[in-house]
Structures are given as C-alpha cells and as structure tokens.
file start_4.txt (compact mmCIF, N, CA and C atoms and all ligand atoms)
# COMPACT_ATOMS: atom_id res chain seq x y z
N MET K 5 -13.45 130.64 -80.36
CA MET K 5 -14.79 130.40 -80.94
C MET K 5 -14.81 130.90 -82.38
N LYS K 6 -15.10 129.99 -83.28
CA LYS K 6 -15.05 130.39 -84.70
C LYS K 6 -16.38 130.96 -85.19
N ALA K 7 -17.41 130.89 -84.36
CA ALA K 7 -18.68 131.50 -84.75
C ALA K 7 -18.49 133.02 -84.80
N LYS K 8 -19.24 133.67 -85.66
CA LYS K 8 -19.09 135.14 -85.72
C LYS K 8 -20.37 135.79 -86.24
N LEU K 9 -20.51 137.05 -85.89
CA LEU K 9 -21.64 137.83 -86.40
C LEU K 9 -21.27 138.41 -87.75
N ILE K 10 -22.21 138.38 -88.66
CA ILE K 10 -21.99 138.90 -90.01
C ILE K 10 -23.04 139.98 -90.28
N ASN K 11 -22.57 141.14 -90.69
CA ASN K 11 -23.52 142.20 -91.05
C ASN K 11 -24.10 141.92 -92.43
N ILE K 12 -25.39 142.05 -92.53
CA ILE K 12 -26.08 141.82 -93.80
C ILE K 12 -26.37 143.18 -94.42
N THR K 13 -26.06 143.29 -95.71
CA THR K 13 -26.25 144.56 -96.40
C THR K 13 -27.71 145.01 -96.27
N LYS K 14 -27.86 146.28 -95.89
CA LYS K 14 -29.20 146.83 -95.70
C LYS K 14 -29.37 148.03 -96.62
N ILE K 15 -30.44 148.05 -97.34
CA ILE K 15 -30.74 149.19 -98.21
C ILE K 15 -31.95 149.89 -97.62
N GLU K 16 -31.69 151.13 -97.21
CA GLU K 16 -32.66 151.84 -96.39
C GLU K 16 -33.19 153.03 -97.16
N ASP K 17 -34.48 153.20 -97.22
CA ASP K 17 -35.03 154.46 -97.72
C ASP K 17 -36.35 154.73 -97.00
N SER K 18 -37.04 155.77 -97.42
CA SER K 18 -38.23 156.19 -96.67
C SER K 18 -39.33 155.13 -96.71
N ARG K 19 -39.19 154.15 -97.62
CA ARG K 19 -40.21 153.10 -97.71
C ARG K 19 -39.90 151.91 -96.79
N GLY K 20 -38.75 152.00 -96.10
CA GLY K 20 -38.39 150.89 -95.22
C GLY K 20 -37.04 150.30 -95.59
N ASN K 21 -36.74 149.16 -95.02
CA ASN K 21 -35.43 148.53 -95.21
C ASN K 21 -35.54 147.28 -96.07
N LEU K 22 -34.49 147.07 -96.81
CA LEU K 22 -34.38 145.84 -97.61
C LEU K 22 -33.01 145.25 -97.29
N ALA K 23 -32.99 144.01 -96.83
CA ALA K 23 -31.70 143.36 -96.53
C ALA K 23 -31.45 142.30 -97.58
N VAL K 24 -30.21 142.18 -98.01
CA VAL K 24 -29.91 141.24 -99.09
C VAL K 24 -28.68 140.39 -98.78
N ILE K 25 -28.82 139.09 -99.06
CA ILE K 25 -27.70 138.15 -98.89
C ILE K 25 -27.40 137.58 -100.26
N GLU K 26 -26.18 137.78 -100.72
CA GLU K 26 -25.77 137.27 -102.02
C GLU K 26 -24.72 136.19 -101.82
N LYS K 27 -24.36 135.57 -102.90
CA LYS K 27 -23.42 134.44 -102.89
C LYS K 27 -22.18 134.69 -102.03
N ASP K 28 -21.61 135.87 -102.18
CA ASP K 28 -20.34 136.11 -101.48
C ASP K 28 -20.50 136.72 -100.09
N SER K 29 -21.76 136.91 -99.65
CA SER K 29 -21.97 137.56 -98.35
C SER K 29 -21.68 136.64 -97.18
N ILE K 30 -21.79 135.33 -97.38
CA ILE K 30 -21.62 134.40 -96.27
C ILE K 30 -20.62 133.30 -96.66
N PRO K 31 -20.03 132.63 -95.65
CA PRO K 31 -18.89 131.74 -95.93
C PRO K 31 -19.23 130.38 -96.54
N PHE K 32 -20.49 130.14 -96.93
CA PHE K 32 -20.82 128.83 -97.52
C PHE K 32 -21.91 129.00 -98.57
N LYS K 33 -22.07 127.95 -99.37
CA LYS K 33 -23.16 127.95 -100.35
C LYS K 33 -24.44 127.45 -99.68
N ILE K 34 -25.51 128.14 -99.91
CA ILE K 34 -26.78 127.77 -99.26
C ILE K 34 -27.42 126.60 -99.99
N LYS K 35 -27.69 125.53 -99.23
CA LYS K 35 -28.38 124.37 -99.78
C LYS K 35 -29.83 124.30 -99.32
N ARG K 36 -30.08 124.91 -98.14
CA ARG K 36 -31.39 124.72 -97.51
C ARG K 36 -31.71 125.94 -96.67
N VAL K 37 -32.99 126.25 -96.61
CA VAL K 37 -33.47 127.36 -95.79
C VAL K 37 -34.61 126.83 -94.93
N TYR K 38 -34.57 127.09 -93.62
CA TYR K 38 -35.74 126.78 -92.80
C TYR K 38 -35.92 127.88 -91.77
N TYR K 39 -37.06 127.90 -91.15
CA TYR K 39 -37.28 128.96 -90.15
C TYR K 39 -38.14 128.45 -89.02
N LEU K 40 -37.89 129.02 -87.86
CA LEU K 40 -38.62 128.68 -86.64
C LEU K 40 -39.57 129.83 -86.35
N TYR K 41 -40.81 129.52 -86.06
CA TYR K 41 -41.78 130.56 -85.74
C TYR K 41 -42.81 129.98 -84.78
N ASP K 42 -43.61 130.84 -84.17
CA ASP K 42 -44.55 130.39 -83.12
C ASP K 42 -43.83 129.58 -82.05
N VAL K 43 -42.64 130.02 -81.69
CA VAL K 43 -41.86 129.30 -80.67
C VAL K 43 -42.29 129.81 -79.29
N PRO K 44 -42.76 128.93 -78.40
CA PRO K 44 -43.15 129.38 -77.07
C PRO K 44 -41.95 129.98 -76.33
N SER K 45 -42.21 130.97 -75.48
CA SER K 45 -41.10 131.69 -74.84
C SER K 45 -40.27 130.77 -73.93
N ASN K 46 -40.90 129.70 -73.45
CA ASN K 46 -40.14 128.81 -72.56
C ASN K 46 -39.50 127.64 -73.32
N ALA K 47 -39.56 127.68 -74.65
CA ALA K 47 -39.02 126.55 -75.43
C ALA K 47 -37.51 126.59 -75.49
N TYR K 48 -36.97 125.42 -75.60
CA TYR K 48 -35.53 125.26 -75.73
C TYR K 48 -35.32 124.55 -77.06
N ARG K 49 -34.58 125.18 -77.95
CA ARG K 49 -34.35 124.57 -79.27
C ARG K 49 -32.86 124.35 -79.46
N GLY K 50 -32.53 123.76 -80.59
CA GLY K 50 -31.13 123.44 -80.81
C GLY K 50 -30.78 122.25 -79.93
N GLY K 51 -29.67 122.36 -79.21
CA GLY K 51 -29.23 121.21 -78.41
C GLY K 51 -28.58 120.20 -79.32
N HIS K 52 -27.71 120.69 -80.17
CA HIS K 52 -26.97 119.80 -81.06
C HIS K 52 -25.75 120.51 -81.64
N ALA K 53 -24.86 119.70 -82.15
CA ALA K 53 -23.76 120.21 -82.99
C ALA K 53 -23.90 119.49 -84.33
N ASN K 54 -23.23 120.00 -85.33
CA ASN K 54 -23.29 119.39 -86.65
C ASN K 54 -21.89 119.08 -87.15
N LYS K 55 -21.76 117.90 -87.72
CA LYS K 55 -20.45 117.50 -88.25
C LYS K 55 -20.17 118.13 -89.60
N LYS K 56 -21.24 118.35 -90.38
CA LYS K 56 -21.04 118.87 -91.74
C LYS K 56 -21.71 120.21 -92.01
N GLN K 57 -22.81 120.44 -91.32
CA GLN K 57 -23.61 121.63 -91.63
C GLN K 57 -23.05 122.92 -91.03
N GLU K 58 -22.86 123.91 -91.87
CA GLU K 58 -22.60 125.26 -91.40
C GLU K 58 -23.93 126.00 -91.51
N SER K 59 -24.14 126.98 -90.66
CA SER K 59 -25.40 127.70 -90.78
C SER K 59 -25.27 129.17 -90.42
N LEU K 60 -26.25 129.92 -90.87
CA LEU K 60 -26.36 131.34 -90.53
C LEU K 60 -27.75 131.55 -89.96
N LEU K 61 -27.80 132.07 -88.74
CA LEU K 61 -29.08 132.30 -88.06
C LEU K 61 -29.38 133.79 -88.08
N ILE K 62 -30.61 134.12 -88.39
CA ILE K 62 -31.01 135.53 -88.43
C ILE K 62 -32.35 135.68 -87.70
N ALA K 63 -32.41 136.66 -86.79
CA ALA K 63 -33.68 136.98 -86.14
C ALA K 63 -34.45 137.90 -87.10
N LEU K 64 -35.27 137.30 -87.94
CA LEU K 64 -36.01 138.11 -88.93
C LEU K 64 -37.00 139.03 -88.22
N SER K 65 -37.49 138.55 -87.10
CA SER K 65 -38.42 139.34 -86.30
C SER K 65 -38.20 138.98 -84.84
N GLY K 66 -38.34 139.94 -83.94
CA GLY K 66 -38.20 139.66 -82.52
C GLY K 66 -36.78 139.30 -82.14
N SER K 67 -36.66 138.53 -81.07
CA SER K 67 -35.33 138.21 -80.56
C SER K 67 -35.29 136.83 -79.93
N PHE K 68 -34.10 136.30 -79.81
CA PHE K 68 -33.87 135.05 -79.08
C PHE K 68 -32.38 134.99 -78.75
N GLU K 69 -32.03 134.07 -77.86
CA GLU K 69 -30.63 133.93 -77.46
C GLU K 69 -30.06 132.62 -77.97
N VAL K 70 -28.81 132.67 -78.33
CA VAL K 70 -28.11 131.47 -78.80
C VAL K 70 -26.91 131.25 -77.87
N VAL K 71 -26.85 130.05 -77.32
CA VAL K 71 -25.68 129.66 -76.52
C VAL K 71 -24.83 128.77 -77.41
N MET K 72 -23.56 129.09 -77.51
CA MET K 72 -22.64 128.30 -78.34
C MET K 72 -21.48 127.81 -77.50
N ASP K 73 -21.08 126.59 -77.80
CA ASP K 73 -20.03 125.93 -77.02
C ASP K 73 -19.14 125.20 -78.03
N ASP K 74 -17.85 125.55 -78.00
CA ASP K 74 -16.94 124.88 -78.94
C ASP K 74 -16.11 123.80 -78.25
N GLY K 75 -16.54 123.43 -77.04
CA GLY K 75 -15.82 122.41 -76.28
C GLY K 75 -14.86 123.04 -75.28
N THR K 76 -14.50 124.29 -75.53
CA THR K 76 -13.57 124.99 -74.64
C THR K 76 -14.25 126.20 -74.03
N GLU K 77 -14.96 126.92 -74.87
CA GLU K 77 -15.55 128.20 -74.48
C GLU K 77 -17.06 128.12 -74.68
N ARG K 78 -17.80 128.80 -73.81
CA ARG K 78 -19.28 128.83 -73.95
C ARG K 78 -19.70 130.30 -73.95
N ILE K 79 -20.38 130.73 -75.00
CA ILE K 79 -20.82 132.12 -75.05
C ILE K 79 -22.31 132.20 -75.37
N ARG K 80 -22.91 133.31 -74.96
CA ARG K 80 -24.34 133.54 -75.20
C ARG K 80 -24.49 134.84 -75.98
N ILE K 81 -25.27 134.78 -77.05
CA ILE K 81 -25.46 135.96 -77.89
C ILE K 81 -26.95 136.17 -78.11
N MET K 82 -27.38 137.41 -78.02
CA MET K 82 -28.78 137.70 -78.36
C MET K 82 -28.86 138.17 -79.81
N LEU K 83 -29.74 137.56 -80.55
CA LEU K 83 -29.98 138.03 -81.92
C LEU K 83 -31.30 138.79 -81.93
N ASN K 84 -31.26 140.02 -82.41
CA ASN K 84 -32.48 140.83 -82.43
C ASN K 84 -32.50 141.83 -83.59
N LYS K 85 -31.61 141.63 -84.57
CA LYS K 85 -31.58 142.55 -85.70
C LYS K 85 -31.67 141.76 -87.01
N PRO K 86 -32.64 142.11 -87.87
CA PRO K 86 -32.80 141.37 -89.12
C PRO K 86 -31.63 141.55 -90.10
N ASN K 87 -30.74 142.51 -89.80
CA ASN K 87 -29.60 142.69 -90.70
C ASN K 87 -28.28 142.20 -90.09
N VAL K 88 -28.40 141.31 -89.09
CA VAL K 88 -27.21 140.68 -88.52
C VAL K 88 -27.44 139.18 -88.49
N GLY K 89 -26.47 138.43 -89.02
CA GLY K 89 -26.57 136.97 -89.00
C GLY K 89 -25.49 136.39 -88.11
N LEU K 90 -25.81 135.27 -87.49
CA LEU K 90 -24.80 134.56 -86.67
C LEU K 90 -24.32 133.35 -87.46
N TYR K 91 -23.06 133.39 -87.85
CA TYR K 91 -22.48 132.26 -88.59
C TYR K 91 -22.00 131.21 -87.59
N ILE K 92 -22.49 129.99 -87.75
CA ILE K 92 -22.07 128.88 -86.88
C ILE K 92 -21.40 127.82 -87.75
N PRO K 93 -20.09 127.65 -87.59
CA PRO K 93 -19.41 126.62 -88.39
C PRO K 93 -19.71 125.22 -87.84
N THR K 94 -19.12 124.22 -88.42
CA THR K 94 -19.31 122.85 -87.91
C THR K 94 -18.67 122.73 -86.53
N GLY K 95 -19.11 121.73 -85.78
CA GLY K 95 -18.43 121.40 -84.53
C GLY K 95 -18.70 122.36 -83.38
N ILE K 96 -19.80 123.10 -83.45
CA ILE K 96 -20.19 123.99 -82.35
C ILE K 96 -21.53 123.51 -81.78
N TRP K 97 -21.55 123.25 -80.49
CA TRP K 97 -22.81 122.90 -79.82
C TRP K 97 -23.65 124.16 -79.70
N ARG K 98 -24.94 124.10 -80.09
CA ARG K 98 -25.76 125.30 -79.98
C ARG K 98 -27.11 125.02 -79.34
N GLU K 99 -27.52 125.99 -78.58
CA GLU K 99 -28.83 125.94 -77.92
C GLU K 99 -29.49 127.29 -78.14
N MET K 100 -30.81 127.29 -78.28
CA MET K 100 -31.53 128.54 -78.51
C MET K 100 -32.69 128.63 -77.52
N GLU K 101 -32.84 129.80 -76.92
CA GLU K 101 -33.88 129.95 -75.91
C GLU K 101 -34.30 131.41 -75.79
N ASN K 102 -35.26 131.64 -74.91
CA ASN K 102 -35.78 133.00 -74.65
C ASN K 102 -36.28 133.68 -75.92
N PHE K 103 -37.07 132.96 -76.68
CA PHE K 103 -37.67 133.54 -77.90
C PHE K 103 -38.73 134.55 -77.49
N SER K 104 -38.66 135.74 -78.08
CA SER K 104 -39.69 136.73 -77.79
C SER K 104 -40.96 136.37 -78.56
N SER K 105 -42.07 136.92 -78.12
CA SER K 105 -43.35 136.64 -78.77
C SER K 105 -43.30 137.11 -80.23
N GLY K 106 -43.70 136.27 -81.14
CA GLY K 106 -43.72 136.64 -82.56
C GLY K 106 -42.37 136.56 -83.25
N SER K 107 -41.36 136.03 -82.56
CA SER K 107 -40.04 136.00 -83.19
C SER K 107 -39.96 134.93 -84.28
N VAL K 108 -39.10 135.22 -85.24
CA VAL K 108 -38.87 134.29 -86.36
C VAL K 108 -37.37 134.13 -86.52
N CYS K 109 -36.92 132.90 -86.50
CA CYS K 109 -35.49 132.60 -86.69
C CYS K 109 -35.30 131.95 -88.05
N LEU K 110 -34.65 132.68 -88.93
CA LEU K 110 -34.35 132.13 -90.25
C LEU K 110 -33.00 131.42 -90.18
N VAL K 111 -32.93 130.23 -90.77
CA VAL K 111 -31.66 129.50 -90.79
C VAL K 111 -31.30 129.19 -92.24
N LEU K 112 -30.13 129.65 -92.65
CA LEU K 112 -29.58 129.29 -93.95
C LEU K 112 -28.56 128.19 -93.67
N ALA K 113 -28.65 127.10 -94.38
CA ALA K 113 -27.79 125.95 -94.07
C ALA K 113 -27.01 125.51 -95.31
N SER K 114 -25.83 124.96 -95.04
CA SER K 114 -24.94 124.58 -96.15
C SER K 114 -25.20 123.18 -96.67
N THR K 115 -26.04 122.41 -95.97
CA THR K 115 -26.26 121.01 -96.36
C THR K 115 -27.76 120.71 -96.46
N ASN K 116 -28.08 119.62 -97.13
CA ASN K 116 -29.42 119.08 -97.02
C ASN K 116 -29.57 118.47 -95.63
N TYR K 117 -30.81 118.32 -95.19
CA TYR K 117 -31.02 117.76 -93.86
C TYR K 117 -30.57 116.30 -93.83
N ASP K 118 -29.74 115.98 -92.84
CA ASP K 118 -29.25 114.62 -92.68
C ASP K 118 -29.02 114.36 -91.19
N GLU K 119 -29.92 113.62 -90.59
CA GLU K 119 -29.84 113.39 -89.13
C GLU K 119 -28.51 112.75 -88.73
N GLN K 120 -27.90 112.01 -89.68
CA GLN K 120 -26.63 111.32 -89.36
C GLN K 120 -25.50 112.27 -89.01
N GLU K 121 -25.61 113.51 -89.48
CA GLU K 121 -24.49 114.41 -89.20
C GLU K 121 -24.75 115.29 -87.96
N TYR K 122 -25.84 114.97 -87.24
CA TYR K 122 -26.13 115.68 -85.99
C TYR K 122 -25.48 114.97 -84.81
N ILE K 123 -24.97 115.74 -83.87
CA ILE K 123 -24.58 115.20 -82.56
C ILE K 123 -25.56 115.81 -81.57
N ARG K 124 -26.44 114.97 -81.01
CA ARG K 124 -27.49 115.50 -80.13
C ARG K 124 -27.24 115.15 -78.66
N ASP K 125 -26.12 114.54 -78.40
CA ASP K 125 -25.76 114.17 -77.03
C ASP K 125 -24.54 115.00 -76.63
N TYR K 126 -24.72 115.86 -75.60
CA TYR K 126 -23.65 116.77 -75.23
C TYR K 126 -22.37 116.03 -74.81
N ASN K 127 -22.55 114.89 -74.15
CA ASN K 127 -21.36 114.14 -73.73
C ASN K 127 -20.60 113.60 -74.93
N LEU K 128 -21.34 113.17 -75.95
CA LEU K 128 -20.67 112.71 -77.17
C LEU K 128 -19.97 113.88 -77.86
N PHE K 129 -20.62 115.05 -77.82
CA PHE K 129 -19.99 116.24 -78.39
C PHE K 129 -18.67 116.52 -77.69
N LYS K 130 -18.68 116.48 -76.35
CA LYS K 130 -17.46 116.75 -75.59
C LYS K 130 -16.38 115.70 -75.93
N LEU K 131 -16.83 114.45 -76.07
CA LEU K 131 -15.86 113.39 -76.42
C LEU K 131 -15.25 113.65 -77.79
N SER K 132 -16.07 114.18 -78.72
CA SER K 132 -15.58 114.44 -80.08
C SER K 132 -14.51 115.52 -80.10
N LYS K 133 -14.45 116.30 -79.02
CA LYS K 133 -13.48 117.40 -78.94
C LYS K 133 -12.16 116.98 -78.29
N GLN K 134 -12.16 115.72 -77.76
CA GLN K 134 -10.92 115.29 -77.10
C GLN K 134 -9.88 114.88 -78.13
N PRO K 135 -8.62 115.21 -77.84
CA PRO K 135 -7.58 114.89 -78.81
C PRO K 135 -7.35 113.39 -78.99
P1 LIG Z 1 -34.42 120.13 -84.61
O1 LIG Z 1 -33.06 119.79 -85.15
O2 LIG Z 1 -34.74 119.61 -83.23
O3 LIG Z 1 -34.63 121.70 -84.64
P2 LIG Z 1 -33.86 122.85 -83.80
O4 LIG Z 1 -32.40 122.59 -83.92
O5 LIG Z 1 -34.26 124.12 -84.43
O6 LIG Z 1 -34.36 122.78 -82.40
O7 LIG Z 1 -35.50 119.64 -85.65
C1 LIG Z 1 -36.85 119.41 -85.29
C2 LIG Z 1 -37.38 118.28 -86.14
O8 LIG Z 1 -37.44 118.66 -87.51
C3 LIG Z 1 -36.52 117.03 -86.06
O9 LIG Z 1 -37.40 115.90 -86.02
C4 LIG Z 1 -35.76 117.02 -87.36
C5 LIG Z 1 -36.71 117.74 -88.30
N1 LIG Z 1 -36.04 118.51 -89.37
C6 LIG Z 1 -36.23 118.15 -90.69
O10 LIG Z 1 -36.94 117.17 -91.01
N2 LIG Z 1 -35.63 118.88 -91.67
C7 LIG Z 1 -34.85 119.94 -91.39
O11 LIG Z 1 -34.31 120.60 -92.32
C8 LIG Z 1 -34.64 120.30 -90.01
C9 LIG Z 1 -33.77 121.46 -89.64
C10 LIG Z 1 -35.26 119.55 -89.03
call {"tool": "encode", "arguments": {"input": "start_4.txt", "output": "structure tokens", "more": "lines below"}}
Ligand code: TYD
result
Amino acid sequence: MKAKLINITKIEDSRGNLAVIEKDSIPFKIKRVYYLYDVPSNAYRGGHANKKQESLLIALSGSFEVVMDDGTERIRIMLNKPNVGLYIPTGIWREMENFSSGSVCLVLASTNYDEQEYIRDYNLFKLSKQP
C-alpha cells in the first residue's frame, strides 16, 4: 500500500496550535482544496479511485475512517488529528465513513476536478489492477 500518513508541522504555544503545510511538506503540488463538513454519521463518502489525482486528507476537526484498497490489500485508518495527513496516491480505491459529529475533512488535491479521471465502479477498479 503506497498510501501513508504524513506528520504536519505543528507550532505549539500557550495560545494554541498552528499547523503549517508548505510546498515541500507533501509529495505533490496542490491544485485544489475542498472540504467535507456536516457529514451525517451514517454517510458513506468516497467510493472511488482516481487515475490522476493524488490527495492528502486531514481531519481538521473530529474524526472519520478511511478504507483504502490497492487491489491487493485493504486497510482501514482512523483520522482524528489535525496535524496528521493521509496521503493517497493514484490508483487507490477509497471509502470514508463513521464521521463524528462536527467533523471536517480537508482534502488537498493535485488536480483540478475532472470526473473523467474517477473510477467509481469497484469492479472496474479491480479490472484496472489486472496485469
Ligand atoms: P464525490 O466525489 O462523490 O465526493 P466524495 O469523494 O467526498 O464522496 O463528489 C460529490 C459531488 O461533488 C460530485 O457530484 C462531484 C462534485 N465535485 C465537484 O464538482 N468538484 C470537486 O472538486 C469535487 C471533489 C466534487
């Protein structure tokens, strides 16, 4: 699994924490930023892989779980720290669920939005992994 957790620099003092992401902190150039909020606890998000888009997911507030599948291995990770990002490269099927109340998922993405580069059918995703 090529996905990995990335620690985000945190500057801490008595006034609170400041987390910062700079050009060299993550493995791609950021083209787009979006965020999920007011997500019902029973909602299921994601359910796709991307051919071109790399992304970094951060639980800015609260928590949620990410299931990732690279065609061979399936792992589940809980994100619940604003100073930890989950890097998801291309070609990984991802699903997100169990959002806590008030949670916010920030997504930094390497591409502009393009539906053509999404794979939203799990069977097609599995087929894309066959040699
Ligand atoms: P979707 O890919 O289902 O979100 P998630 O992976 O978080 O569950 O996107 C929901 C809708 O929003 C879908 O109709 C596509 C649209 N969308 C945009 O128009 N621009 C964007 O940058 C993104 C991420 C989604």
call {"tool": "residues_near_ligand", "arguments": {"input": "start_4.txt", "ligand": "ligand LIG 1 (chain Z)", "cutoff": "5 Å", "atoms": "only N, CA and C atoms and all ligand atoms", "output": "PyMOL selection string"}}
result
chain K and resi 49-50+117
call {"tool": "residues_around", "arguments": {"input": "start_4.txt", "residues": "region 129-135 of chain K", "least_positions_apart": "3", "cutoff": "12 Å", "atoms": "only C-alpha atoms", "output": "list of chain:residue names"}}
result
K:Gly51, K:His52, K:Ala53, K:Asn54, K:Lys55, K:Asp73, K:Asp74, K:Gly75, K:Thr76, K:Glu77, K:Thr94, K:Gly95, K:Ile96, K:Trp97, K:Arg98, K:Glu121, K:Tyr122, K:Ile123, K:Arg124, K:Asp125, K:Tyr126
call {"tool": "select_by_dssp", "arguments": {"input": "start_4.txt", "residues": "chain K", "states": "strand (DSSP E)", "output": "PyMOL selection string"}}
result
chain K and resi 8-11+13-17+20-24+36-40+49-54+59-65+68-73+78-83+88-92+97-101+108-113+122-123
call {"tool": "atom_distance", "arguments": {"input": "start_4.txt", "atom1": "atom C of Ser29 (chain K)", "atom2": "atom C of Asp118 (chain K)"}}
result
24.2 Å
call {"tool": "residues_around", "arguments": {"input": "start_4.txt", "residues": "Ile15 (chain K)", "least_positions_apart": "6", "cutoff": "12 Å", "atoms": "only C-alpha atoms", "output": "list in words"}}
result
Asn21, Leu22, Ala23, Val24, Ile25 and Asn87 of chain K
call {"tool": "atom_distance", "arguments": {"input": "start_4.txt", "atom1": "CA of Arg78 (chain K)", "atom2": "CA of Cys109 (chain K)"}}
result
21.0 Å
call {"tool": "closest_residue", "arguments": {"input": "start_4.txt", "among": "K:Ile12, K:Val88, K:Met5, K:Val70", "to": "Tyr48 (chain K)", "atoms": "only C-alpha atoms"}}
result
K:Val70
call {"tool": "atom_distance", "arguments": {"input": "start_4.txt", "atom1": "CA of Val43 (chain K)", "atom2": "CA of Ser104 (chain K)"}}
result
8.3 Å
call {"tool": "residues_around", "arguments": {"input": "start_4.txt", "residues": "Pro86 (chain K)", "least_positions_apart": "5", "cutoff": "6 Å", "atoms": "all atoms listed in the file", "output": "compact mmCIF listing (two decimals) with N, CA and C atoms, in the frame of the given file"}}
result
# COMPACT_ATOMS: atom_id res chain seq x y z
N ILE K 62 -30.61 134.12 -88.39
CA ILE K 62 -31.01 135.53 -88.43
C ILE K 62 -32.35 135.68 -87.70
N ALA K 63 -32.41 136.66 -86.79
CA ALA K 63 -33.68 136.98 -86.14
C ALA K 63 -34.45 137.90 -87.10
N LEU K 64 -35.27 137.30 -87.94
CA LEU K 64 -36.01 138.11 -88.93
C LEU K 64 -37.00 139.03 -88.22
N SER K 65 -37.49 138.55 -87.10
CA SER K 65 -38.42 139.34 -86.30
C SER K 65 -38.20 138.98 -84.84
call {"tool": "select_by_dssp", "arguments": {"input": "start_4.txt", "residues": "chain K", "states": "helix (DSSP H, G or I)", "output": "ChimeraX atom specification"}}
result
/K:27-29,119-121,126-132
call {"tool": "closest_residue", "arguments": {"input": "start_4.txt", "among": "K:Ala113, K:Ala47, K:Leu83, K:Leu128", "to": "Lys33 (chain K)", "atoms": "only N, CA and C atoms"}}
result
K:Ala113
call {"tool": "closest_residue", "arguments": {"input": "start_4.txt", "among": "K:Gly106, K:Pro44, K:Pro31, K:Gly20", "to": "Tyr91 (chain K)", "atoms": "only N, CA and C atoms"}}
result
K:Pro31
call {"tool": "closest_residue", "arguments": {"input": "start_4.txt", "among": "K:Thr13, K:Ser114, K:Ser18, K:Asn46", "to": "Phe32 (chain K)", "atoms": "all atoms listed in the file"}}
result
K:Ser114
call {"tool": "closest_residue", "arguments": {"input": "start_4.txt", "among": "K:Ser105, K:Phe68, K:Leu60, K:Gly89", "to": "Leu9 (chain K)", "atoms": "only C-alpha atoms"}}
result
K:Gly89
call {"tool": "decode", "arguments": {"input": "start_4.txt", "residues": "region 73-126 of chain K", "atoms": "C-alpha atoms", "output": "PDB file, in the first residue's frame"}}
result
ATOM      1  CA  ASP K  73      -7.795  -0.744  -1.231  1.00  0.00           C
ATOM      2  CA  ASP K  74      -4.938  -1.011  -3.706  1.00  0.00           C
ATOM      3  CA  GLY K  75      -6.377  -4.082  -5.414  1.00  0.00           C
ATOM      4  CA  THR K  76      -4.332  -6.426  -3.238  1.00  0.00           C
ATOM      5  CA  GLU K  77      -4.583  -5.108   0.288  1.00  0.00           C
ATOM      6  CA  ARG K  78      -7.448  -3.388   2.140  1.00  0.00           C
ATOM      7  CA  ILE K  79      -6.726  -1.279   5.210  1.00  0.00           C
ATOM      8  CA  ARG K  80      -8.775   0.970   7.482  1.00  0.00           C
ATOM      9  CA  ILE K  81      -7.337   4.060   9.141  1.00  0.00           C
ATOM     10  CA  MET K  82      -8.950   6.486  11.544  1.00  0.00           C
ATOM     11  CA  LEU K  83      -8.046  10.128  11.075  1.00  0.00           C
ATOM     12  CA  ASN K  84      -8.554  12.241  14.176  1.00  0.00           C
ATOM     13  CA  LYS K  85      -5.581  14.598  14.419  1.00  0.00           C
ATOM     14  CA  PRO K  86      -5.393  17.966  12.632  1.00  0.00           C
ATOM     15  CA  ASN K  87      -1.616  17.602  12.367  1.00  0.00           C
ATOM     16  CA  VAL K  88      -1.651  14.257  10.541  1.00  0.00           C
ATOM     17  CA  GLY K  89      -2.495  13.911   6.861  1.00  0.00           C
ATOM     18  CA  LEU K  90      -3.256  10.751   4.904  1.00  0.00           C
ATOM     19  CA  TYR K  91      -1.521  10.787   1.535  1.00  0.00           C
ATOM     20  CA  ILE K  92      -3.444   8.799  -1.086  1.00  0.00           C
ATOM     21  CA  PRO K  93      -1.628   8.309  -4.396  1.00  0.00           C
ATOM     22  CA  THR K  94      -3.366   7.470  -7.667  1.00  0.00           C
ATOM     23  CA  GLY K  95      -4.906   4.052  -8.159  1.00  0.00           C
ATOM     24  CA  ILE K  96      -6.204   3.514  -4.617  1.00  0.00           C
ATOM     25  CA  TRP K  97      -9.893   2.799  -4.017  1.00  0.00           C
ATOM     26  CA  ARG K  98     -11.082   4.838  -1.031  1.00  0.00           C
ATOM     27  CA  GLU K  99     -14.161   4.936   1.109  1.00  0.00           C
ATOM     28  CA  MET K 100     -14.868   7.203   4.073  1.00  0.00           C
ATOM     29  CA  GLU K 101     -17.324   6.538   6.860  1.00  0.00           C
ATOM     30  CA  ASN K 102     -18.099   6.883  10.570  1.00  0.00           C
ATOM     31  CA  PHE K 103     -17.792  10.669  10.586  1.00  0.00           C
ATOM     32  CA  SER K 104     -18.056  12.050  14.097  1.00  0.00           C
ATOM     33  CA  SER K 105     -20.449  14.900  14.790  1.00  0.00           C
ATOM     34  CA  GLY K 106     -18.936  18.218  13.695  1.00  0.00           C
ATOM     35  CA  SER K 107     -16.067  16.597  11.831  1.00  0.00           C
ATOM     36  CA  VAL K 108     -14.386  18.368   8.938  1.00  0.00           C
ATOM     37  CA  CYS K 109     -12.330  16.568   6.304  1.00  0.00           C
ATOM     38  CA  LEU K 110      -9.958  18.805   4.413  1.00  0.00           C
ATOM     39  CA  VAL K 111      -8.728  17.462   1.076  1.00  0.00           C
ATOM     40  CA  LEU K 112      -5.708  18.864  -0.735  1.00  0.00           C
ATOM     41  CA  ALA K 113      -5.682  17.614  -4.308  1.00  0.00           C
ATOM     42  CA  SER K 114      -3.069  17.574  -7.050  1.00  0.00           C
ATOM     43  CA  THR K 115      -5.504  18.120  -9.945  1.00  0.00           C
ATOM     44  CA  ASN K 116      -8.440  20.239 -10.950  1.00  0.00           C
ATOM     45  CA  TYR K 117     -11.732  18.402 -10.662  1.00  0.00           C
ATOM     46  CA  ASP K 118     -12.255  16.111 -13.644  1.00  0.00           C
ATOM     47  CA  GLU K 119     -14.910  13.404 -13.446  1.00  0.00           C
ATOM     48  CA  GLN K 120     -13.197  11.573 -16.344  1.00  0.00           C
ATOM     49  CA  GLU K 121     -10.317  10.562 -14.137  1.00  0.00           C
ATOM     50  CA  TYR K 122     -12.566   8.980 -11.490  1.00  0.00           C
ATOM     51  CA  ILE K 123     -13.204   5.244 -11.297  1.00  0.00           C
ATOM     52  CA  ARG K 124     -16.482   4.912  -9.390  1.00  0.00           C
ATOM     53  CA  ASP K 125     -17.178   1.258 -10.116  1.00  0.00           C
ATOM     54  CA  TYR K 126     -15.300  -1.136  -7.831  1.00  0.00           C
TER      55      TYR K 126
END
